[in-house]
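Here the structure is laid out as structure tokens; the discussion comes afterwards.
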Amino acid sequence: MAKGQSSVGNVLFRFFWWVVQLINPRWSHRLMYWGLRDGAFPRQPANDPALQINLWGHLFRSPVGIGEGVDKRGNVLDSLISMGYSFGEFGPYTLEKEMPEKKRLYLKKQKAVVTLCRGYRNPGIMRILPWFVKRRYLPHYVGVDVAIPTDSEEQNIKQGRHFTYQEEFVLMAQKLSPYCDYITLNFSHPNSELAMMIVDAASIVPIIKSVKEAVRLAAPIQTPPVLVKVPLDITIQEVSLVIQNLMEGGADGVIIGGPLSLDKNTKVLPESAPDIFQNGMMFGGPLQERMLALIAQFYRQSQGRLPIVAYGSVFTPEDAFRMICAGASLIQLDAASLTYAGPAIVFNIHKGLVKLLSEKGFSKIEQAIGCDLRAQVDLTTPAVAPSASMPVSSAPNHPFPGQNNQ
């Protein structure tokens, strides 16, 4: 029997995993990886034309994929795509191996994961590259997230790398672009110099332009798009600056999602959480409203010209549909989504999205992208930056229109 089919052993494993998931998310997280590795979860690729979306010259079977942080060693992402996810993202990877100490706190009630880590635990691009070469011709649409672990460029040079941020991003992109379908430049690590550079045109525009040129030269036949992952900590006043910088640099898209720094958002973490996690980073449910607000602002101020990928905080079809109606073209499930909803959540999301599209009067998922904003804003007029007093929560987020979208 082929992997992923409902053999007696696989059914028993999934039942055991479900029971463990109710008791301890940490254990279920580990069990889930073993099950994915061994093909214990069923396969059911999306086949409804209503869910198809064309982006970057590729036809995605559905807008639902897997984000970074789920697979750093090449163990499970291909299995997830075979299950029915339309794309996936490996990483985040740094140039060389990074193994900082990492602690996790699972908040089952909030459907969140809090991590305490000062870097990116991963085997490094130099070690994982041969594996990418071997799997290049699999028919899966995959991207790679590249990151720089140091807090400052000066520290990066002092540690012996002798690379500026621009040089290091270019080197990583050159090595990986022939073997992947898109590249993500990770500027999202909270409290880092890179996260602050996202609003500085003099810093970020040359990086994006240099990476774009390096990718074009390294993979001239099938040049992968270059996306930029922005920090959730940016303010509503900074959105217009970030959009301007990304578009001037030639970025092909933006990824919006966790992690959220708890240093700056102390009220998000429950009082019962251990004090050691007060300086950590959060993924999951509590970030959903902030994500929706930022997605709506990015879509409105870019006039829909900058493709948006929503990363994480999706546990139901309704969650995914809200992200799409706010302006996201694609949805990436993160480790928190898989831990609390399970890998088979993709089947429910696909089924639910088709139902929601029908209820709202849409025949294709593309018609729903940004429909909340299109119902109120004339996207043919120039975008106007929000006033300094406009809070994040005031971004449009109310019932879906469902009219005049055919």
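By order of appearance in the structure tokens: chains A, B, ..., then residues from 1 within every chain, and ligands from 1 in the order shown.
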
Near-Arg216 (chain A) list (12 Å; only C-alpha atoms; drop same-chain fewer than 6 positions) as a count of residues only: 15

Neighbours of Val146 (chain A) within 6 Å (only C-alpha atoms; same-chain residues fewer than 5 positions away dropped), as a PyMOL selection string? chain A and resi 92-94+185-186

As a PDB file with N, CA, C and O atoms, in the first residue's frame, please: the residues near region 312-320 of chain A (cut-off 9 Å, only C-alpha atoms, same-chain neighbours under 5 positions excluded).
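Result file around-v4.pdb:
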ATOM      1  N   VAL A  64      -3.397  27.741  -0.332  1.00  0.00           N
ATOM      2  CA  VAL A  64      -2.942  27.267   0.980  1.00  0.00           C
ATOM      3  C   VAL A  64      -1.620  26.515   0.854  1.00  0.00           C
ATOM      4  O   VAL A  64      -1.519  25.521   0.123  1.00  0.00           O
ATOM      5  N   ILE A  66       2.571  25.940   3.017  1.00  0.00           N
ATOM      6  CA  ILE A  66       3.303  25.797   4.283  1.00  0.00           C
ATOM      7  C   ILE A  66       4.388  26.865   4.359  1.00  0.00           C
ATOM      8  O   ILE A  66       5.122  27.090   3.390  1.00  0.00           O
ATOM      9  N   GLY A  67       4.493  27.527   5.510  1.00  0.00           N
ATOM     10  CA  GLY A  67       5.477  28.585   5.678  1.00  0.00           C
ATOM     11  C   GLY A  67       6.774  28.096   6.285  1.00  0.00           C
ATOM     12  O   GLY A  67       6.941  26.915   6.619  1.00  0.00           O
ATOM     13  N   LYS A 111      -3.938  28.955  21.367  1.00  0.00           N
ATOM     14  CA  LYS A 111      -3.429  28.370  20.127  1.00  0.00           C
ATOM     15  C   LYS A 111      -2.174  29.115  19.676  1.00  0.00           C
ATOM     16  O   LYS A 111      -2.054  29.572  18.539  1.00  0.00           O
ATOM     17  N   ALA A 112      -1.232  29.223  20.580  1.00  0.00           N
ATOM     18  CA  ALA A 112      -0.013  29.976  20.315  1.00  0.00           C
ATOM     19  C   ALA A 112       1.205  29.191  20.769  1.00  0.00           C
ATOM     20  O   ALA A 112       1.126  28.310  21.624  1.00  0.00           O
ATOM     21  N   ILE A 256       3.588  38.649   5.366  1.00  0.00           N
ATOM     22  CA  ILE A 256       3.186  39.303   6.610  1.00  0.00           C
ATOM     23  C   ILE A 256       2.745  38.236   7.606  1.00  0.00           C
ATOM     24  O   ILE A 256       1.866  37.428   7.317  1.00  0.00           O
ATOM     25  N   GLY A 257       3.386  38.212   8.772  1.00  0.00           N
ATOM     26  CA  GLY A 257       3.024  37.240   9.798  1.00  0.00           C
ATOM     27  C   GLY A 257       4.046  37.205  10.915  1.00  0.00           C
ATOM     28  O   GLY A 257       4.974  38.012  10.943  1.00  0.00           O
ATOM     29  N   GLY A 258       3.872  36.232  11.854  1.00  0.00           N
ATOM     30  CA  GLY A 258       4.745  36.134  13.024  1.00  0.00           C
ATOM     31  C   GLY A 258       6.202  36.040  12.653  1.00  0.00           C
ATOM     32  O   GLY A 258       6.536  35.837  11.495  1.00  0.00           O
ATOM     33  N   PHE A 283       4.030  33.071  18.079  1.00  0.00           N
ATOM     34  CA  PHE A 283       3.362  32.695  16.834  1.00  0.00           C
ATOM     35  C   PHE A 283       1.962  32.210  17.197  1.00  0.00           C
ATOM     36  O   PHE A 283       1.765  31.621  18.263  1.00  0.00           O
ATOM     37  N   GLY A 284       0.986  32.411  16.301  1.00  0.00           N
ATOM     38  CA  GLY A 284      -0.309  31.783  16.519  1.00  0.00           C
ATOM     39  C   GLY A 284      -1.476  32.727  16.643  1.00  0.00           C
ATOM     40  O   GLY A 284      -1.462  33.873  16.192  1.00  0.00           O
ATOM     41  N   GLY A 285      -2.529  32.230  17.309  1.00  0.00           N
ATOM     42  CA  GLY A 285      -3.829  32.874  17.342  1.00  0.00           C
ATOM     43  C   GLY A 285      -3.873  34.329  17.766  1.00  0.00           C
ATOM     44  O   GLY A 285      -4.565  35.134  17.119  1.00  0.00           O
ATOM     45  N   PRO A 286      -3.193  34.750  18.846  1.00  0.00           N
ATOM     46  CA  PRO A 286      -3.300  36.138  19.290  1.00  0.00           C
ATOM     47  C   PRO A 286      -2.805  37.171  18.276  1.00  0.00           C
ATOM     48  O   PRO A 286      -3.070  38.363  18.447  1.00  0.00           O
ATOM     49  N   LEU A 287      -2.103  36.733  17.241  1.00  0.00           N
ATOM     50  CA  LEU A 287      -1.565  37.677  16.251  1.00  0.00           C
ATOM     51  C   LEU A 287      -2.528  37.920  15.094  1.00  0.00           C
ATOM     52  O   LEU A 287      -2.267  38.773  14.238  1.00  0.00           O
ATOM     53  N   GLN A 288      -3.637  37.209  15.065  1.00  0.00           N
ATOM     54  CA  GLN A 288      -4.486  37.223  13.881  1.00  0.00           C
ATOM     55  C   GLN A 288      -5.036  38.607  13.543  1.00  0.00           C
ATOM     56  O   GLN A 288      -4.978  39.043  12.384  1.00  0.00           O
ATOM     57  N   MET A 291      -2.374  40.887  12.169  1.00  0.00           N
ATOM     58  CA  MET A 291      -2.051  40.487  10.798  1.00  0.00           C
ATOM     59  C   MET A 291      -3.087  41.010   9.815  1.00  0.00           C
ATOM     60  O   MET A 291      -2.755  41.547   8.764  1.00  0.00           O
ATOM     61  N   CYS A 325      -9.735  37.987   1.990  1.00  0.00           N
ATOM     62  CA  CYS A 325     -10.588  39.157   1.777  1.00  0.00           C
ATOM     63  C   CYS A 325      -9.907  40.452   2.220  1.00  0.00           C
ATOM     64  O   CYS A 325     -10.245  41.529   1.743  1.00  0.00           O
ATOM     65  N   ILE A 331      -1.825  31.855   1.461  1.00  0.00           N
ATOM     66  CA  ILE A 331      -1.838  31.623   2.904  1.00  0.00           C
ATOM     67  C   ILE A 331      -0.768  30.584   3.237  1.00  0.00           C
ATOM     68  O   ILE A 331      -0.721  29.518   2.626  1.00  0.00           O
ATOM     69  N   GLN A 332       0.080  30.884   4.214  1.00  0.00           N
ATOM     70  CA  GLN A 332       1.061  29.924   4.698  1.00  0.00           C
ATOM     71  C   GLN A 332       0.689  29.486   6.112  1.00  0.00           C
ATOM     72  O   GLN A 332       0.571  30.325   7.002  1.00  0.00           O
ATOM     73  N   LEU A 333       0.492  28.192   6.312  1.00  0.00           N
ATOM     74  CA  LEU A 333       0.290  27.689   7.658  1.00  0.00           C
ATOM     75  C   LEU A 333       1.647  27.522   8.331  1.00  0.00           C
ATOM     76  O   LEU A 333       2.622  27.126   7.688  1.00  0.00           O
ATOM     77  N   ASP A 334       1.716  27.850   9.616  1.00  0.00           N
ATOM     78  CA  ASP A 334       2.977  27.747  10.340  1.00  0.00           C
ATOM     79  C   ASP A 334       2.930  26.562  11.305  1.00  0.00           C
ATOM     80  O   ASP A 334       1.972  25.777  11.319  1.00  0.00           O
ATOM     81  N   ALA A 335       3.972  26.421  12.116  1.00  0.00           N
ATOM     82  CA  ALA A 335       4.052  25.294  13.039  1.00  0.00           C
ATOM     83  C   ALA A 335       2.927  25.322  14.061  1.00  0.00           C
ATOM     84  O   ALA A 335       2.445  24.269  14.491  1.00  0.00           O
ATOM     85  N   ALA A 336       2.479  26.526  14.475  1.00  0.00           N
ATOM     86  CA  ALA A 336       1.373  26.614  15.422  1.00  0.00           C
ATOM     87  C   ALA A 336       0.085  26.083  14.797  1.00  0.00           C
ATOM     88  O   ALA A 336      -0.695  25.380  15.447  1.00  0.00           O
ATOM     89  N   SER A 337      -0.160  26.418  13.528  1.00  0.00           N
ATOM     90  CA  SER A 337      -1.359  25.930  12.836  1.00  0.00           C
ATOM     91  C   SER A 337      -1.364  24.410  12.777  1.00  0.00           C
ATOM     92  O   SER A 337      -2.388  23.765  13.050  1.00  0.00           O
ATOM     93  N   LEU A 338      -0.224  23.822  12.418  1.00  0.00           N
ATOM     94  CA  LEU A 338      -0.147  22.365  12.310  1.00  0.00           C
ATOM     95  C   LEU A 338      -0.233  21.687  13.672  1.00  0.00           C
ATOM     96  O   LEU A 338      -0.808  20.609  13.810  1.00  0.00           O
ATOM     97  N   TYR A 340      -1.841  22.737  16.472  1.00  0.00           N
ATOM     98  CA  TYR A 340      -3.145  22.800  17.119  1.00  0.00           C
ATOM     99  C   TYR A 340      -4.294  22.336  16.220  1.00  0.00           C
ATOM    100  O   TYR A 340      -5.356  21.978  16.717  1.00  0.00           O
ATOM    101  N   ALA A 341      -4.109  22.346  14.918  1.00  0.00           N
ATOM    102  CA  ALA A 341      -5.177  21.918  14.008  1.00  0.00           C
ATOM    103  C   ALA A 341      -4.843  20.625  13.287  1.00  0.00           C
ATOM    104  O   ALA A 341      -5.734  19.956  12.771  1.00  0.00           O
ATOM    105  N   ILE A 345      -5.740  19.706   8.384  1.00  0.00           N
ATOM    106  CA  ILE A 345      -6.540  20.926   8.342  1.00  0.00           C
ATOM    107  C   ILE A 345      -6.677  21.447   6.913  1.00  0.00           C
ATOM    108  O   ILE A 345      -7.651  22.122   6.575  1.00  0.00           O
ATOM    109  N   VAL A 346      -5.716  21.117   6.058  1.00  0.00           N
ATOM    110  CA  VAL A 346      -5.772  21.601   4.684  1.00  0.00           C
ATOM    111  C   VAL A 346      -7.027  21.114   3.978  1.00  0.00           C
ATOM    112  O   VAL A 346      -7.605  21.831   3.151  1.00  0.00           O
ATOM    113  N   ASN A 348     -10.027  20.548   5.324  1.00  0.00           N
ATOM    114  CA  ASN A 348     -11.139  21.361   5.806  1.00  0.00           C
ATOM    115  C   ASN A 348     -11.087  22.779   5.245  1.00  0.00           C
ATOM    116  O   ASN A 348     -12.124  23.376   4.937  1.00  0.00           O
ATOM    117  N   ILE A 349      -9.877  23.323   5.123  1.00  0.00           N
ATOM    118  CA  ILE A 349      -9.747  24.674   4.580  1.00  0.00           C
ATOM    119  C   ILE A 349     -10.194  24.709   3.127  1.00  0.00           C
ATOM    120  O   ILE A 349     -10.932  25.604   2.699  1.00  0.00           O
ATOM    121  N   HIS A 350      -9.749  23.737   2.344  1.00  0.00           N
ATOM    122  CA  HIS A 350     -10.158  23.696   0.939  1.00  0.00           C
ATOM    123  C   HIS A 350     -11.678  23.599   0.818  1.00  0.00           C
ATOM    124  O   HIS A 350     -12.311  24.346   0.062  1.00  0.00           O
ATOM    125  N   LYS A 351     -12.267  22.679   1.570  1.00  0.00           N
ATOM    126  CA  LYS A 351     -13.720  22.490   1.517  1.00  0.00           C
ATOM    127  C   LYS A 351     -14.454  23.739   1.989  1.00  0.00           C
ATOM    128  O   LYS A 351     -15.451  24.172   1.372  1.00  0.00           O
ATOM    129  N   GLY A 352     -13.953  24.331   3.069  1.00  0.00           N
ATOM    130  CA  GLY A 352     -14.593  25.528   3.607  1.00  0.00           C
ATOM    131  C   GLY A 352     -14.478  26.726   2.692  1.00  0.00           C
ATOM    132  O   GLY A 352     -15.419  27.529   2.571  1.00  0.00           O
ATOM    133  N   LEU A 353     -13.320  26.884   2.038  1.00  0.00           N
ATOM    134  CA  LEU A 353     -13.143  28.014   1.120  1.00  0.00           C
ATOM    135  C   LEU A 353     -14.117  27.929  -0.055  1.00  0.00           C
ATOM    136  O   LEU A 353     -14.692  28.938  -0.470  1.00  0.00           O
ATOM    137  N   LEU A 356     -17.475  29.012   1.252  1.00  0.00           N
ATOM    138  CA  LEU A 356     -17.536  30.454   1.514  1.00  0.00           C
ATOM    139  C   LEU A 356     -17.575  31.256   0.218  1.00  0.00           C
ATOM    140  O   LEU A 356     -18.278  32.265   0.122  1.00  0.00           O
TER     141      LEU A 356
END

Pick from A:Lys72, A:Arg61, A:Lys364, A:His29: nearest to Arg127 (chain A), with only C-alpha atoms counted?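 Comparing A:Lys72, A:Arg61, A:Lys364, A:His29 against Arg127 (chain A), the winner is A:Lys72.
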
When you look at region 198-202 of chain A with a cut-off of 7 Å (counting only C-alpha atoms), what residues show up, excluding the ones that are within fewer than 5 positions of it in the same chain? I need them as a tab-separated table (two decimals) with C-alpha atoms, in the first residue's frame.
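Okay, this is what ended up in around-v4.tsv:
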chain	number	residue	atom	x	y	z
A	238	GLU	CA	5.55	52.84	8.53
A	241	LEU	CA	7.49	53.60	3.66
A	242	VAL	CA	7.90	49.82	3.60
A	245	ASN	CA	11.01	50.58	-0.43

CA of Val230 (chain A) to CA of Ala195 (chain A), straight-line distance in Å: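 The value is 7.3 Å.
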
Residue contacts of Leu246 (chain A) (8 Å, only C-alpha atoms) excluding same-chain residues fewer than 3 positions away, as an MDAnalysis selection string: chainID A and resid 205 208 228 242:243 249:251

If we count only C-alpha atoms, what is near Met281 (chain A) at a cut-off of 10 Å, once residues fewer than 2 positions away on the same chain are taken out, given as a count of residues only? 21

For CA of Glu68 (chain A) and CA of Val239 (chain A), quote the distance in Å rounded to one decimal.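 Pair CA of Glu68 (chain A) / CA of Val239 (chain A) returns 22.8 Å.
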
Region 64-260 of chain A: which residues are strand (DSSP E or B) by DSSP, as a ChimeraX atom specification? /A:64-66,88-93,98,103-107,112-116,122,142-146,182-186,226-230,253-257,260

Could you check which of A:Val76, A:Leu373, A:Ala46, A:Met83 is closest to Pro63 (chain A), using only C-alpha atoms? A:Ala46

Have a look at A:Ile204, A:Tyr299, A:Val354, A:Pro25 and name the one nearest to Leu107 (chain A); count only C-alpha atoms.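 Comparing A:Ile204, A:Tyr299, A:Val354, A:Pro25 against Leu107 (chain A), the winner is A:Pro25.
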
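Look at Trp18 (chain A): the protein and nucleic acid residues within 9 Å of it, using only C-alpha atoms and passing over chain neighbours fewer than 5 places away, are A:Phe13, A:Ile23, A:Ser28, A:Gly342.
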
Between CA of Asn54 (chain A) and CA of Gly361 (chain A), what is the distance in Å, rounded to a tenth?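 So the answer is 20.2 Å.
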
Pick the closest to Pro100 (chain A) from A:Phe321, A:Asn122, A:Leu80, A:Val144: which is it, counting only C-alpha atoms? A:Asn122

For Tyr85 (chain A), which of A:Leu171, A:Leu330, A:Ile234, A:Val215 is the closest residue, counting only C-alpha atoms? A:Leu330

Go through region 242-379 of chain A and collect every residue that DSSP, computed from the backbone, puts in alpha helix (DSSP H); the answer should be as a ChimeraX atom specification. /A:242-249,288-301,317-326,335-341,345-360,371-374

Top pick for closest residue to Ser62 (chain A), considering A:Ser203, A:Gly74, A:Ser86, A:Arg300 and counting only C-alpha atoms: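 Between A:Ser203, A:Gly74, A:Ser86, A:Arg300, the residue approaching Ser62 (chain A) most closely is A:Ser86.
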